[in-house]
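Novice: Data: structure.txt, compact mmCIF, C-alpha atoms and all ligand atoms.
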# COMPACT_ATOMS: atom_id res chain seq x y z
CA MET C 1 -95.79 -40.49 -36.16
CA GLY C 2 -97.00 -37.80 -33.70
CA LYS C 3 -96.44 -34.13 -34.34
CA MET C 4 -96.21 -31.29 -31.86
CA VAL C 5 -95.89 -27.55 -32.46
CA LEU C 6 -94.34 -25.45 -29.72
CA LYS C 7 -96.20 -22.24 -30.47
CA SER C 8 -94.77 -18.77 -29.75
CA VAL C 9 -91.70 -20.05 -27.94
CA TYR C 10 -88.69 -17.80 -27.22
CA PHE C 11 -85.57 -19.17 -28.89
CA ASN C 12 -82.26 -17.43 -29.68
CA GLY C 13 -83.61 -13.94 -29.11
CA SER C 14 -86.90 -14.21 -31.00
CA VAL C 15 -90.36 -15.74 -30.69
CA ARG C 16 -91.25 -18.51 -33.17
CA ASP C 17 -93.01 -21.84 -33.68
CA ILE C 18 -90.96 -25.06 -33.49
CA LEU C 19 -92.08 -28.37 -34.98
CA ILE C 20 -91.34 -31.71 -33.34
CA SER C 21 -92.10 -34.73 -35.48
CA GLY C 22 -91.95 -38.10 -33.73
CA LYS C 23 -88.79 -38.13 -31.64
CA LYS C 24 -86.94 -35.33 -33.43
CA PHE C 25 -86.86 -31.59 -33.96
CA ALA C 26 -88.20 -31.23 -37.51
CA LYS C 27 -88.23 -27.44 -37.93
CA VAL C 28 -86.45 -25.02 -35.63
CA GLU C 29 -84.98 -22.18 -37.69
CA ARG C 30 -87.30 -22.42 -40.74
CA PRO C 31 -90.84 -20.99 -40.79
CA LEU C 32 -93.64 -23.56 -40.49
CA THR C 33 -96.16 -24.11 -43.30
CA ALA C 34 -99.92 -24.71 -42.96
CA ALA C 35 -99.31 -28.46 -43.43
CA ASP C 36 -97.02 -28.50 -40.40
CA TYR C 37 -99.92 -27.48 -38.14
CA ASN C 38 -102.28 -30.16 -39.56
CA ASN C 39 -103.00 -32.89 -37.00
CA ALA C 40 -100.31 -31.55 -34.69
CA GLU C 41 -100.72 -31.04 -30.95
CA ILE C 42 -100.39 -27.28 -30.52
CA VAL C 43 -98.68 -26.32 -27.26
CA ASP C 44 -99.02 -22.66 -26.30
CA CYS C 45 -95.53 -21.59 -25.21
CA SER C 46 -96.15 -17.83 -24.83
CA GLY C 47 -93.88 -16.48 -22.13
CA LEU C 48 -91.73 -19.62 -22.25
CA ALA C 49 -88.21 -20.09 -23.61
CA ILE C 50 -86.78 -23.34 -24.96
CA LEU C 51 -83.40 -24.54 -23.71
CA PRO C 52 -81.48 -27.82 -24.01
CA PRO C 53 -81.99 -30.09 -21.00
CA PHE C 54 -79.23 -31.58 -18.86
CA TYR C 55 -77.44 -34.89 -19.46
CA ASN C 56 -75.95 -36.30 -16.27
CA GLY C 57 -72.65 -37.94 -17.22
CA HIS C 58 -72.09 -39.93 -14.03
CA THR C 59 -74.37 -41.07 -11.26
CA HIS C 60 -75.46 -43.98 -9.09
CA ALA C 61 -79.21 -43.41 -9.27
CA ALA C 62 -80.55 -45.71 -6.56
CA MET C 63 -78.20 -44.14 -4.00
CA THR C 64 -80.94 -41.55 -3.48
CA LEU C 65 -82.04 -43.99 -0.75
CA LEU C 66 -78.77 -43.22 1.08
CA ARG C 67 -79.17 -39.44 0.85
CA GLY C 68 -78.11 -37.96 4.17
CA TYR C 69 -77.32 -41.40 5.65
CA ALA C 70 -73.56 -40.83 6.10
CA ASP C 71 -71.87 -37.49 5.59
CA ASP C 72 -68.86 -35.43 6.52
CA MET C 73 -66.02 -37.93 6.17
CA PRO C 74 -63.34 -38.80 3.56
CA LEU C 75 -64.02 -41.17 0.63
CA GLN C 76 -62.42 -44.41 1.86
CA GLN C 77 -63.95 -44.27 5.36
CA TRP C 78 -67.30 -43.24 3.88
CA LEU C 79 -67.29 -46.15 1.42
CA THR C 80 -65.97 -48.98 3.58
CA GLN C 81 -67.63 -48.20 6.92
CA HIS C 82 -70.99 -46.82 5.82
CA ILE C 83 -71.94 -47.03 2.15
CA TRP C 84 -70.88 -50.57 1.28
CA PRO C 85 -72.51 -52.14 4.42
CA PHE C 86 -75.81 -50.27 3.69
CA GLU C 87 -75.71 -51.27 0.04
CA ALA C 88 -75.27 -54.92 0.97
CA LYS C 89 -78.87 -54.84 2.26
CA LEU C 90 -80.42 -53.48 -0.97
CA THR C 91 -82.82 -55.82 -2.79
CA PRO C 92 -83.62 -55.55 -6.52
CA LYS C 93 -86.96 -53.94 -5.60
CA ASP C 94 -85.16 -51.34 -3.48
CA ILE C 95 -82.99 -50.46 -6.48
CA ARG C 96 -86.12 -49.83 -8.51
CA VAL C 97 -87.59 -47.62 -5.77
CA GLY C 98 -84.35 -45.63 -5.44
CA SER C 99 -83.98 -45.32 -9.22
CA ARG C 100 -87.53 -44.00 -9.56
CA LEU C 101 -86.85 -41.36 -6.90
CA ALA C 102 -83.63 -40.41 -8.72
CA ILE C 103 -85.38 -40.10 -12.09
CA LEU C 104 -88.16 -38.03 -10.51
CA GLU C 105 -85.58 -35.68 -9.02
CA MET C 106 -83.67 -35.49 -12.30
CA ILE C 107 -86.77 -34.73 -14.40
CA LYS C 108 -87.86 -32.01 -11.96
CA SER C 109 -84.41 -30.43 -12.19
CA GLY C 110 -84.32 -30.61 -16.00
CA THR C 111 -82.27 -33.75 -16.66
CA VAL C 112 -83.40 -36.23 -19.34
CA PHE C 113 -80.37 -38.56 -19.52
CA PHE C 114 -78.10 -40.18 -16.98
CA ALA C 115 -75.18 -42.59 -17.10
CA ASP C 116 -75.69 -44.99 -14.24
CA MET C 117 -73.19 -47.23 -12.50
CA TYR C 118 -74.94 -49.46 -10.02
CA TRP C 119 -76.22 -52.93 -9.20
CA HIS C 120 -79.37 -54.81 -10.33
CA ARG C 121 -79.32 -52.91 -13.65
CA GLU C 122 -82.57 -54.60 -14.82
CA GLU C 123 -84.50 -52.66 -12.16
CA THR C 124 -83.04 -49.30 -13.18
CA ILE C 125 -83.76 -50.11 -16.84
CA LYS C 126 -87.43 -50.75 -15.94
CA ALA C 127 -87.64 -47.41 -14.12
CA VAL C 128 -86.09 -45.54 -17.08
CA LYS C 129 -88.46 -47.16 -19.54
CA GLU C 130 -91.52 -46.37 -17.40
CA MET C 131 -90.62 -42.75 -16.73
CA GLY C 132 -89.76 -41.74 -20.31
CA VAL C 133 -86.16 -40.55 -19.92
CA ARG C 134 -82.89 -41.81 -21.44
CA ALA C 135 -79.97 -43.60 -19.84
CA ALA C 136 -76.73 -45.42 -20.42
CA ILE C 137 -77.09 -48.21 -17.89
CA GLY C 138 -73.90 -49.73 -16.59
CA VAL C 139 -73.13 -53.38 -16.38
CA THR C 140 -71.02 -52.76 -13.31
CA VAL C 141 -67.95 -54.89 -12.66
CA ALA C 142 -65.97 -54.78 -9.40
CA ASP C 143 -64.43 -58.18 -8.78
CA ALA C 144 -62.84 -57.05 -5.50
CA LEU C 145 -66.38 -56.49 -4.13
CA GLN C 146 -68.28 -59.25 -5.95
CA THR C 147 -68.31 -63.03 -6.04
CA PRO C 148 -66.74 -64.57 -9.18
CA GLU C 149 -70.24 -65.80 -10.13
CA LEU C 150 -71.62 -62.25 -10.13
CA THR C 151 -68.72 -61.02 -12.25
CA GLU C 152 -69.33 -63.82 -14.76
CA ALA C 153 -73.05 -63.00 -14.80
CA SER C 154 -72.19 -59.41 -15.81
CA PHE C 155 -70.15 -60.55 -18.82
CA LYS C 156 -72.89 -63.00 -19.77
CA PHE C 157 -75.47 -60.20 -19.57
CA LEU C 158 -73.38 -58.14 -22.03
CA GLN C 159 -73.28 -61.04 -24.46
CA GLU C 160 -77.00 -61.69 -24.28
CA HIS C 161 -78.31 -58.13 -24.37
CA ARG C 162 -77.75 -55.23 -26.65
CA MET C 163 -79.79 -52.07 -26.99
CA GLU C 164 -82.51 -52.28 -24.35
CA SER C 165 -84.74 -49.73 -26.14
CA ASP C 166 -84.28 -46.56 -28.16
CA ARG C 167 -83.90 -44.64 -24.88
CA VAL C 168 -81.73 -47.12 -22.98
CA SER C 169 -78.28 -48.33 -23.93
CA LEU C 170 -75.91 -50.56 -22.00
CA ALA C 171 -72.35 -49.60 -21.10
CA VAL C 172 -69.47 -51.58 -19.62
CA MET C 173 -68.61 -50.05 -16.26
CA PRO C 174 -65.59 -51.42 -14.37
CA HIS C 175 -65.92 -49.57 -11.03
CA ALA C 176 -62.32 -48.32 -10.57
CA VAL C 177 -58.68 -49.39 -10.77
CA TYR C 178 -58.75 -50.11 -7.02
CA THR C 179 -61.82 -52.41 -7.12
CA VAL C 180 -61.17 -54.26 -10.40
CA SER C 181 -58.23 -56.60 -11.01
CA ASP C 182 -56.02 -55.95 -14.04
CA LYS C 183 -57.18 -59.17 -15.66
CA THR C 184 -60.87 -58.30 -15.31
CA PHE C 185 -60.29 -54.69 -16.36
CA LYS C 186 -58.63 -55.87 -19.58
CA ARG C 187 -61.59 -58.17 -20.19
CA CYS C 188 -63.97 -55.20 -19.82
CA VAL C 189 -61.86 -53.23 -22.32
CA GLU C 190 -61.95 -56.13 -24.78
CA VAL C 191 -65.74 -56.57 -24.56
CA ALA C 192 -66.34 -52.83 -24.95
CA ARG C 193 -64.07 -52.63 -27.99
CA LYS C 194 -65.46 -55.76 -29.68
CA GLU C 195 -69.13 -55.04 -29.02
CA GLU C 196 -68.81 -51.22 -29.38
CA TYR C 197 -69.99 -50.39 -25.89
CA ILE C 198 -69.16 -47.22 -24.00
CA LEU C 199 -66.55 -47.99 -21.31
CA HIS C 200 -67.04 -45.93 -18.16
CA THR C 201 -65.07 -45.96 -14.91
CA HIS C 202 -64.11 -43.82 -11.90
CA LEU C 203 -60.63 -42.50 -12.63
CA ALA C 204 -58.05 -40.46 -10.70
CA GLU C 205 -60.67 -39.45 -8.14
CA THR C 206 -58.35 -39.12 -5.14
CA ALA C 207 -54.65 -38.56 -4.53
CA THR C 208 -54.63 -41.92 -2.69
CA GLU C 209 -55.92 -43.71 -5.78
CA VAL C 210 -53.11 -42.22 -7.89
CA LYS C 211 -50.47 -43.01 -5.24
CA ASP C 212 -51.65 -46.62 -4.85
CA CYS C 213 -51.85 -47.10 -8.61
CA LYS C 214 -48.27 -45.87 -9.04
CA LYS C 215 -47.16 -48.24 -6.29
CA LYS C 216 -48.97 -51.25 -7.75
CA TYR C 217 -48.59 -50.66 -11.50
CA GLY C 218 -45.77 -48.08 -11.73
CA CYS C 219 -47.95 -45.53 -13.55
CA THR C 220 -50.91 -43.17 -13.13
CA PRO C 221 -54.49 -44.47 -13.51
CA VAL C 222 -54.79 -42.80 -16.95
CA GLU C 223 -51.46 -44.32 -18.07
CA LEU C 224 -52.78 -47.67 -16.85
CA MET C 225 -55.89 -47.20 -19.01
CA ASP C 226 -53.56 -46.52 -21.94
CA LYS C 227 -51.65 -49.73 -21.20
CA PHE C 228 -54.93 -51.67 -21.05
CA GLY C 229 -55.97 -50.21 -24.43
CA ALA C 230 -59.01 -48.58 -22.80
CA LEU C 231 -58.52 -45.02 -24.11
CA GLY C 232 -60.46 -43.98 -27.20
CA GLY C 233 -63.70 -42.43 -28.45
CA ASN C 234 -65.80 -44.88 -26.41
CA PHE C 235 -63.97 -44.20 -23.12
CA VAL C 236 -65.65 -41.93 -20.56
CA ALA C 237 -63.96 -41.42 -17.19
CA ALA C 238 -65.67 -39.94 -14.14
CA HIS C 239 -64.03 -37.48 -11.72
CA CYS C 240 -60.51 -37.03 -13.21
CA VAL C 241 -59.51 -34.80 -10.28
CA HIS C 242 -55.83 -35.70 -10.19
CA LEU C 243 -54.64 -35.70 -13.81
CA SER C 244 -51.04 -34.96 -14.78
CA GLY C 245 -50.20 -33.00 -17.94
CA ASN C 246 -49.33 -36.30 -19.64
CA ASP C 247 -52.65 -37.83 -18.52
CA MET C 248 -54.53 -34.95 -20.17
CA THR C 249 -52.53 -35.30 -23.40
CA LEU C 250 -53.22 -39.04 -23.48
CA MET C 251 -56.94 -38.48 -22.98
CA ALA C 252 -57.20 -35.60 -25.47
CA GLU C 253 -55.22 -37.35 -28.22
CA SER C 254 -57.26 -40.54 -27.87
CA CYS C 255 -60.61 -38.60 -27.93
CA SER C 256 -61.45 -39.97 -24.47
CA ALA C 257 -63.99 -37.99 -22.45
CA ALA C 258 -63.95 -36.85 -18.82
CA ILE C 259 -67.00 -36.24 -16.65
CA VAL C 260 -66.27 -33.89 -13.76
CA ASN C 261 -68.25 -34.13 -10.51
CA PRO C 262 -67.10 -31.15 -8.47
CA CYS C 263 -69.82 -31.20 -5.76
CA SER C 264 -68.96 -34.78 -4.82
CA ASN C 265 -65.20 -34.09 -4.97
CA LEU C 266 -65.52 -31.08 -2.67
CA LYS C 267 -67.80 -32.88 -0.23
CA LEU C 268 -65.56 -35.95 0.02
CA CYS C 269 -62.41 -33.77 0.19
CA SER C 270 -61.05 -35.42 -2.95
CA GLY C 271 -59.81 -32.17 -4.48
CA ILE C 272 -60.75 -29.80 -7.31
CA PRO C 273 -60.44 -30.98 -10.93
CA LYS C 274 -58.19 -28.76 -13.09
CA ILE C 275 -61.03 -28.07 -15.50
CA HIS C 276 -59.42 -25.17 -17.39
CA LYS C 277 -56.29 -27.25 -18.05
CA MET C 278 -58.41 -30.18 -19.19
CA LEU C 279 -60.27 -27.91 -21.61
CA GLU C 280 -57.00 -26.35 -22.83
CA SER C 281 -55.61 -29.82 -23.55
CA GLY C 282 -58.50 -30.39 -25.97
CA MET C 283 -60.26 -33.02 -23.87
CA LEU C 284 -64.01 -33.45 -24.19
CA VAL C 285 -65.28 -32.56 -20.71
CA GLY C 286 -68.83 -33.05 -19.46
CA VAL C 287 -70.51 -32.78 -16.07
CA GLY C 288 -72.16 -35.30 -13.76
CA THR C 289 -73.51 -35.26 -10.23
CA ASP C 290 -72.20 -38.58 -8.88
CA GLY C 291 -74.59 -40.35 -6.47
CA ALA C 292 -76.97 -38.63 -4.08
CA SER C 293 -75.05 -39.84 -1.06
CA SER C 294 -71.97 -37.81 -1.98
CA ASN C 295 -73.56 -34.71 -3.50
CA ASN C 296 -76.34 -34.88 -1.98
CA ASN C 297 -78.67 -34.20 -4.89
CA LEU C 298 -78.79 -34.92 -8.62
CA ASP C 299 -79.15 -31.28 -9.59
CA MET C 300 -77.22 -30.66 -12.80
CA HIS C 301 -77.93 -26.94 -12.70
CA GLU C 302 -76.07 -26.64 -9.42
CA GLU C 303 -73.24 -28.79 -10.81
CA MET C 304 -73.03 -26.64 -13.97
CA LYS C 305 -72.76 -23.40 -12.01
CA LEU C 306 -70.15 -24.83 -9.65
CA THR C 307 -68.13 -26.15 -12.61
CA SER C 308 -68.19 -22.72 -14.18
CA LEU C 309 -67.14 -20.89 -11.01
CA LEU C 310 -64.35 -23.34 -10.15
CA THR C 311 -62.96 -23.02 -13.66
CA LYS C 312 -62.92 -19.24 -13.41
CA VAL C 313 -61.31 -19.07 -9.97
CA SER C 314 -58.43 -21.27 -11.09
CA SER C 315 -57.83 -19.46 -14.39
CA SER C 316 -59.61 -16.26 -15.41
CA ALA C 317 -63.06 -14.68 -15.65
CA GLU C 318 -63.10 -15.10 -19.44
CA LYS C 319 -62.58 -18.83 -19.13
CA LEU C 320 -65.68 -20.92 -19.70
CA PRO C 321 -68.36 -18.44 -20.82
CA ALA C 322 -71.93 -19.30 -19.79
CA ALA C 323 -72.79 -20.91 -23.13
CA ASP C 324 -69.82 -23.28 -22.83
CA ALA C 325 -70.71 -24.20 -19.24
CA LEU C 326 -74.20 -25.10 -20.47
CA LYS C 327 -72.69 -27.28 -23.21
CA MET C 328 -70.60 -29.14 -20.63
CA ALA C 329 -73.81 -30.07 -18.83
CA SER C 330 -75.77 -30.90 -21.99
CA SER C 331 -74.33 -31.61 -25.45
CA ASN C 332 -70.80 -32.57 -24.29
CA VAL C 333 -72.26 -35.39 -22.20
CA ALA C 334 -74.58 -36.45 -25.04
CA ILE C 335 -71.56 -36.56 -27.39
CA ALA C 336 -69.51 -38.57 -24.88
CA TYR C 337 -72.26 -41.20 -24.66
CA GLY C 338 -73.12 -41.16 -28.37
CA VAL C 339 -76.65 -39.74 -27.98
CA PRO C 340 -77.64 -37.53 -30.97
CA ALA C 341 -79.18 -34.86 -28.73
CA GLY C 342 -78.24 -32.02 -26.40
CA ALA C 343 -79.12 -28.95 -28.48
CA ILE C 344 -82.24 -27.44 -30.04
CA VAL C 345 -81.24 -28.31 -33.60
CA GLU C 346 -83.17 -29.81 -36.51
CA GLY C 347 -82.56 -33.52 -36.88
CA LEU C 348 -81.50 -34.05 -33.27
CA LEU C 349 -83.65 -35.95 -30.78
CA ALA C 350 -86.34 -33.67 -29.36
CA ASP C 351 -85.23 -33.18 -25.75
CA ALA C 352 -85.94 -29.77 -24.25
CA LEU C 353 -86.79 -27.62 -21.28
CA LEU C 354 -89.46 -24.95 -21.42
CA VAL C 355 -88.59 -22.31 -18.86
CA ASP C 356 -90.83 -19.53 -17.59
CA LEU C 357 -89.48 -16.12 -18.61
CA ARG C 358 -91.65 -14.56 -15.89
CA ASN C 359 -89.61 -16.34 -13.21
CA GLU C 360 -87.96 -13.71 -11.00
CA ARG C 361 -84.51 -15.20 -11.54
CA LEU C 362 -84.82 -14.86 -15.32
CA THR C 363 -85.84 -11.19 -15.03
CA PRO C 364 -84.69 -8.92 -16.68
CA ASN C 365 -83.91 -10.91 -19.82
CA HIS C 366 -80.70 -9.19 -21.00
CA ASN C 367 -79.19 -12.57 -21.78
CA LEU C 368 -81.15 -15.80 -21.31
CA VAL C 369 -78.15 -18.15 -21.27
CA SER C 370 -76.38 -15.99 -18.70
CA ASN C 371 -79.52 -15.89 -16.56
CA TRP C 372 -79.96 -19.64 -16.90
CA VAL C 373 -76.38 -20.54 -15.93
CA TYR C 374 -75.65 -17.96 -13.24
CA SER C 375 -78.99 -16.91 -11.80
CA ALA C 376 -81.81 -19.42 -12.25
CA ASP C 377 -82.76 -22.49 -10.33
CA ASN C 378 -85.15 -25.34 -11.09
CA SER C 379 -88.22 -23.31 -10.17
CA ALA C 380 -88.02 -21.73 -13.66
CA ILE C 381 -88.57 -25.09 -15.42
CA LYS C 382 -92.25 -25.47 -16.37
CA HIS C 383 -92.20 -28.43 -18.80
CA VAL C 384 -89.63 -31.11 -19.70
CA ILE C 385 -89.66 -32.94 -23.05
CA CYS C 386 -87.71 -36.12 -23.81
CA ASN C 387 -87.82 -38.00 -27.12
CA GLY C 388 -90.66 -35.77 -28.35
CA GLN C 389 -92.86 -36.48 -25.30
CA PHE C 390 -93.63 -34.52 -22.14
CA VAL C 391 -92.11 -36.15 -19.06
CA MET C 392 -93.04 -33.19 -16.85
CA ARG C 393 -95.97 -30.88 -17.49
CA ASP C 394 -96.65 -27.81 -15.34
CA ARG C 395 -94.02 -29.11 -12.88
CA HIS C 396 -95.88 -32.40 -12.33
CA VAL C 397 -94.49 -35.87 -13.08
CA ASP C 398 -96.90 -38.81 -13.33
CA GLY C 399 -96.93 -40.87 -10.14
CA GLU C 400 -94.63 -38.55 -8.18
CA GLU C 401 -96.60 -38.80 -4.92
CA ASP C 402 -96.34 -42.64 -4.92
CA ILE C 403 -92.64 -42.55 -5.83
CA MET C 404 -91.89 -40.33 -2.81
CA LYS C 405 -93.98 -42.39 -0.40
CA GLU C 406 -92.39 -45.67 -1.47
CA ALA C 407 -88.88 -44.23 -1.24
CA GLU C 408 -89.45 -42.90 2.28
CA LEU C 409 -90.77 -46.27 3.52
CA THR C 410 -87.97 -48.23 1.84
CA ALA C 411 -85.20 -45.98 3.16
CA ARG C 412 -86.62 -46.16 6.68
CA ARG C 413 -86.63 -49.97 6.57
CA LEU C 414 -83.04 -50.10 5.27
CA ALA C 415 -81.72 -47.74 7.93
CA GLN C 416 -83.04 -49.92 10.76
ZN ZN W 501 -69.28 -42.32 -8.74
Translate this file's structure into structure tokens.
Specialist:
Amino acid sequence: MGKMVLKSVYFNGSVRDILISGKKFAKVERPLTAADYNNAEIVDCSGLAILPPFYNGHTHAAMTLLRGYADDMPLQQWLTQHIWPFEAKLTPKDIRVGSRLAILEMIKSGTVFFADMYWHREETIKAVKEMGVRAAIGVTVADALQTPELTEASFKFLQEHRMESDRVSLAVMPHAVYTVSDKTFKRCVEVARKEEYILHTHLAETATEVKDCKKKYGCTPVELMDKFGALGGNFVAAHCVHLSGNDMTLMAESCSAAIVNPCSNLKLCSGIPKIHKMLESGMLVGVGTDGASSNNNLDMHEEMKLTSLLTKVSSSAEKLPAADALKMASSNVAIAYGVPAGAIVEGLLADALLVDLRNERLTPNHNLVSNWVYSADNSAIKHVICNGQFVMRDRHVDGEEDIMKEAELTARRLAQ
């Protein structure tokens, strides 16, 4: 098992050495002994601080290929007239190219995990395995958009596969209440419960979705999830912009999690999630970027800062201190997806950012977490570690030039 010592790293207000053994943080708070340094890779971290990385709770990775393709219109028009027709042309290889671009962008902006809802999951899994990050990869179900054969193939895939690797898990992802029939949604719930999968869906994203759901089922989308038996510790809902007080109580009492995606909601005019009310209700709330065609990047730092500011403007300045905003973009998402990571703590998986304290946006260092949340950008990130391994060193990711070139060529072909 490999060992690594992060030497002279700034952590919680002091400079110390941190030991990573294999995939985990072995010693963080305790002093290291001579034996700890034996046969370990010693990484000089003078002038660097260690911070938890980001965990992106909701995205559609390969949609990086659609970045900037269709903008400035409401959700339904955007989906039906532009996104879905473009996506119909995507081949499995294109998905791999788009996923690699997404992972490159995420690593460079400090993200080591993403929950992905998309098509041709095998290709995204390959990209995750190659590039060293973590993911919960969705087996996406949307019977209103798919042939019955494709829907059946998704359920078969869930039966035949389990944990893809120690960094990749599968999750059942019915797209939304408006693209999945009640019968198929209930089947997804049943599979997730029986096989202990995470169940992830878009929920209460727009006022139209809530209105249509009430018309069709006589209840809100969250109440419908309750009726289907979907709510619980394995349920993670994206967006949650239009939740009623009762919806929040149902989600909080069932230990369901919400992933807010404020950039995407603002850009598609879907509304602003009532984050402070969600937090007050006791819900577990994390952050995600959504896909790159509605954001238009996968930058969790930007999403974290926006989440924090939106929460304050709708409640008070004291609401959501910087440290809590950081948790929403890191450990809360890891908890929602059952990944034992998201903080620099002994025994947790060794995922970390090493940020440059000499970066102008981290100067002066009155309060590192405050600087990180409110002031910094990605230029401060020097190295990224996932599972005890470097996935970015000195701001370089292996193969990044080829990933960019391939993505540009593929996107150009698809847009023709
Ligand atoms: Zn989405």
Novice: Quick one: everything within 9 Å of range 108-118 of chain C, counting all atoms listed in the file, minus sequence neighbours fewer than 4 positions away in the same chain. Send it as a PyMOL selection string.
Specialist: chain C and resi 52-63+95+103-104+124+132-140+167+171+173-175+200-201+288+298-301+330+334+337+351-353+377-379+381+383-386+391-392+395-397
Novice: Which residues are near Ser270 in chain C? Cut-off 7 Å, only C-alpha atoms, ignore same chain within fewer than 5 positions. Put them as a ChimeraX atom specification.
Specialist: /C:205-206,265
Novice: Compile the contact shell of Ile18 in chain C as JSON, numbers by chain: residues with an atom at most 12 Å away, counting only C-alpha atoms, same-chain residues fewer than 4 positions apart removed.
Specialist: {"C": [3, 4, 5, 6, 7, 8, 9, 10, 11, 14, 24, 25, 26, 27, 28, 29, 30, 31, 32, 33, 36, 37, 40, 41, 42, 43, 44, 45, 49, 50, 344, 345, 346, 350, 352, 388]}
Novice: Write out as a ChimeraX atom specification which residues come within 10 Å of Thr220 in chain C when counting all atoms listed in the file, dropping same-chain ones fewer than 6 positions away.
Specialist: /C:203-204,209-214,226,242-244,246-247
Novice: Taking into account all atoms listed in the file, which residue in the set C:Asn367, C:Asn234, C:Asn39, C:Thr289 is nearest to ligand ZN 501 (chain W)?
Specialist: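 Closest candidate: C:Thr289.
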Novice: Neighbours of Leu266 in chain C within 12 Å (only C-alpha atoms; same-chain residues fewer than 5 positions away dropped), as an MDAnalysis selection string?
Specialist: chainID C and resid 72:75 205:206 239 241 260:261 271:273 289:290 294:296 303 306:307 310
Novice: Please compute the CA of Glu87 in chain C-CA of Glu190 in chain C distance, one decimal, in Å.
Specialist: 28.8 Å
Novice: Find, counting all atoms listed in the file, the residue in C:Glu195, C:Glu130, C:Glu406, C:Asp143 that gets nearest to Glu160 in chain C.
Specialist: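 Result for the nearest residue to Glu160 in chain C: C:Glu195.
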Novice: Kindly indicate which residue among C:Pro262, C:Gly245, C:Pro221, C:Pro148 lies nearest to ligand ZN 501 (chain W), using only C-alpha atoms and all ligand atoms for the distances.
Specialist: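 Of C:Pro262, C:Gly245, C:Pro221, C:Pro148, the one nearest ligand ZN 501 (chain W) is C:Pro262, counting only C-alpha atoms and all ligand atoms.
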Novice: Between C:Met106, C:Val141, C:Gly338, C:Tyr374, which residue has the minimum interatomic distance to Thr184 in chain C, considering only C-alpha atoms?
Specialist: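 With only C-alpha atoms as the atom set, the closest residue is C:Val141.
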Novice: Do you have the CA of Arg393 in chain C-CA of Ala380 in chain C distance handy?
Specialist: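 So the answer is 12.7 Å.
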Novice: Using all atoms listed in the file, find the one residue out of C:Ala237, C:Leu48, C:Val180, C:Leu199 that sits nearest to ligand ZN 501 (chain W).
Specialist: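 Nearest to ligand ZN 501 (chain W): C:Ala237.
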